[in-house]
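The structure appears below as structure tokens.
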Amino acid sequence: MARDQIDMTPLQSRNELVAWLEAGVKPASEFRIGTEHEKTPFTLQGHDPVPYEGSRGIGALLEGMKLLLGWEPIMEQGNIIGLHDVTGGGAISLEPGGQFELSGAPVETVHQTQAELAAHLAQVKEIATPLGIGFLGLGMTPSWSRAQIPMMPKGRYRIMSGYMPKVGQYGLDMMLRTCTVQTNLDFSSEADMVKKLRVSVALQPVATALFANSPFTEGKPNGFLSFRSEIWRDTDNARAGMIPWAFEDGMGFERWVDYALDVPMYFVKRDENYIDVSGSSFRDFFDGRNKAIPGERPTLSDWANHLSTIFPEVRLKRYLEMRGADGVPWGRLPALPAFWVGLLYDTTSLEAAWDIAKRWNAQERQALRDDVSRMGFKARIKGRYLFEIARECLVLAHAGLRRRGHVDHLGRDESRHLEPLDQILDSGRSPAEEMLEKFNGAWGGSVEPAYSEYAF
């Protein structure tokens, strides 16, 4: 999750909310790629969760990273909770259960994404290994109960953890036990945003199947290929899901604002304090009618923070965030930005991708979304297996990346980053199915080998 924004200009009109989103529009020559990934820390001895406190805790890890990188610490109530690279724009932040997130700087090519990831992981390892900490590349912690996992000292998480159980059965699992990789991409106009949003929402289940990587809960198969994806179906449906209204006539920045105004809020931040306003709407806050802070009007910071607490499969901020993939080991991480950049940043591939998805209706899209977490490539839409659709999408992504023509120092274009996905399709199995095979075979019914085979 991004660090909370600080811009205390009071808002006067709905138009300012729309303008804030519209400010994301940029010419295609300025399009960038942002990649975020989360990984679960574990103790190298015993494979236990890592607490925040102590000389071998998450706080110590962040202090070490601060010294190594020279990044600005992000502090809250005296605790270091993240780091910010003031020059490059990247950041390191903590998810509620200590999941360590790199929010990559905006870069021009997938090659640069890969280089950034490699550097980050080397730096993390340098600090973490002497502390006895390793990191796991799965979509969900494979062996721990919810109760075992310590909550990180961030005010917004305290509020969320109190509210989550009221609105869905899996909110605390989402917070404490899941990891994702996502990529953030730009748009050149309102119409371009709408087309990319529709294509990526409709095809998000393809990414879910390709990256499905969370088949275990508390040491046993959970019946899903991506339990992380299943968790999002019952976390908080007022702020998650397949946003069917985005496919209706009149979709644009204003329509997103109207949606966001009615999504229940979690908190309002004033100085270092988080005020619990959970369940109330931003619309009421806008009208000065929030019971917790009567008469007070929201600021641009409040709006930016609120938008970061909306969790649909694709999220609009000043860019689009692809949110359907499980966390994976590091060799597969650059494949996610490669997949979406190839589909969305090339006009020909974008049109062809829309051709695949445009005939599906809201019920069909939802059914595919519902089935993919359990069935992966075997889920169907309009009589076709998702496997076939994934293969078509991969062909388009390859072609889009080749046409972009960004070559690395060895003369290879960005399509080489799709190789892990090619291998998955060639095998006909999602990563989770491969892992279940190991569990039932070489691993002898234990998830413990995952802590070495799927560690960073």
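Chain identifiers are assigned as A, B, and so on, following the order in which chains appear in the structure tokens; residues are numbered from 1 within each chain, and ligands are numbered from 1 in order of appearance.
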
Can you pull out the residues contacting Met164 (chain A)? Cut-off 9 Å, using only C-alpha atoms, and skip same-chain residues under 6 positions away; I want them as a ChimeraX atom specification.
/A:170-172,235-236

Expected file: the selected residues, C-alpha atoms, as a short mmCIF file (atom, residue, chain, number, x, y, z; two decimals), in the first residue's frame:
```cif
data_model
loop_
_atom_site.label_atom_id
_atom_site.label_comp_id
_atom_site.auth_asym_id
_atom_site.auth_seq_id
_atom_site.Cartn_x
_atom_site.Cartn_y
_atom_site.Cartn_z
CA TYR A 170 -11.73 -13.17 4.87
CA GLY A 171 -10.66 -9.56 5.47
CA LEU A 172 -8.14 -10.43 8.17
CA THR A 235 -13.28 -9.51 2.03
CA ASP A 236 -15.54 -6.48 1.50
#
```

Go through A:Ser93, A:Thr217, A:Ser200, A:Asn305 one by one, measure the shortest atom-to-atom distance of each to Tyr274 (chain A) using only C-alpha atoms, and give the residue with the smallest value.
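Under the stated criterion, the closest residue is A:Asn305.
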
According to DSSP computed on the backbone, where in region 20-196 of chain A is there alpha helix (DSSP H)? Give the residues as a ChimeraX atom specification.
/A:20-22,58-69,110-128,155-167,171-177,190-196

One number please: CA of Gly24 (chain A) to CA of Asp192 (chain A), in Å, one decimal.
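Interatomic distance here is 11.6 Å.
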
What lies within 9 Å of Val199 (chain A) using only C-alpha atoms, ignoring chain neighbours under 4 positions off, as a list of chain:residue names?
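Listing them by chain and then by number gives A:Val194, A:Lys195, A:Leu203, A:Gln204, A:Leu343, A:Leu344, A:Leu350, A:Ala353, A:Trp354, A:Ile356, A:Ala357, A:Lys358.
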
What lies within 12 Å of Arg404 (chain A) using only C-alpha atoms, ignoring chain neighbours under 3 positions off, as a PyMOL selection string?
chain A and resi 28-29+108-110+338+341-349+397-401+407+412-415

Spatial neighbours of Gly88 (chain A), 9 Å, only C-alpha atoms, chain gap at least 4 places, as a compact mmCIF listing (two decimals) with C-alpha atoms, in the first residue's frame:
```txt
# COMPACT_ATOMS: atom_id res chain seq x y z
CA HIS A 84 11.04 6.36 0.56
CA GLY A 104 8.97 0.27 -7.63
CA ALA A 105 9.86 3.61 -9.17
CA PRO A 106 8.14 4.48 -12.46
```

Which of these, A:Pro130, A:Pro96, A:Gly252, A:Pro264, has the shortest distance to Leu316 (chain A) once you count only C-alpha atoms?
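Answer, going by the shortest atom-to-atom distance: A:Gly252.
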
Please report, as a list in words, each residue of region 374-432 of chain A to which DSSP assigns strand (DSSP E) when run on this structure's backbone.
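Those residues are Arg380, Ile381, Arg384 and Tyr385 of chain A.
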
Within 8 Å of Arg283 (chain A), counting only C-alpha atoms, which residues show up once you throw out same-chain ones fewer than 4 positions away? Write them as a list in words, please.
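Those residues are Leu261, Asp262 and Asp287 of chain A.
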
Using only C-alpha atoms, which of the listed residues (A:Arg323, A:Lys166, A:Arg369, A:Arg14) sits closest to Thr183 (chain A)?
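When distances to Thr183 (chain A) are compared using only C-alpha atoms, the smallest one comes from A:Arg323.
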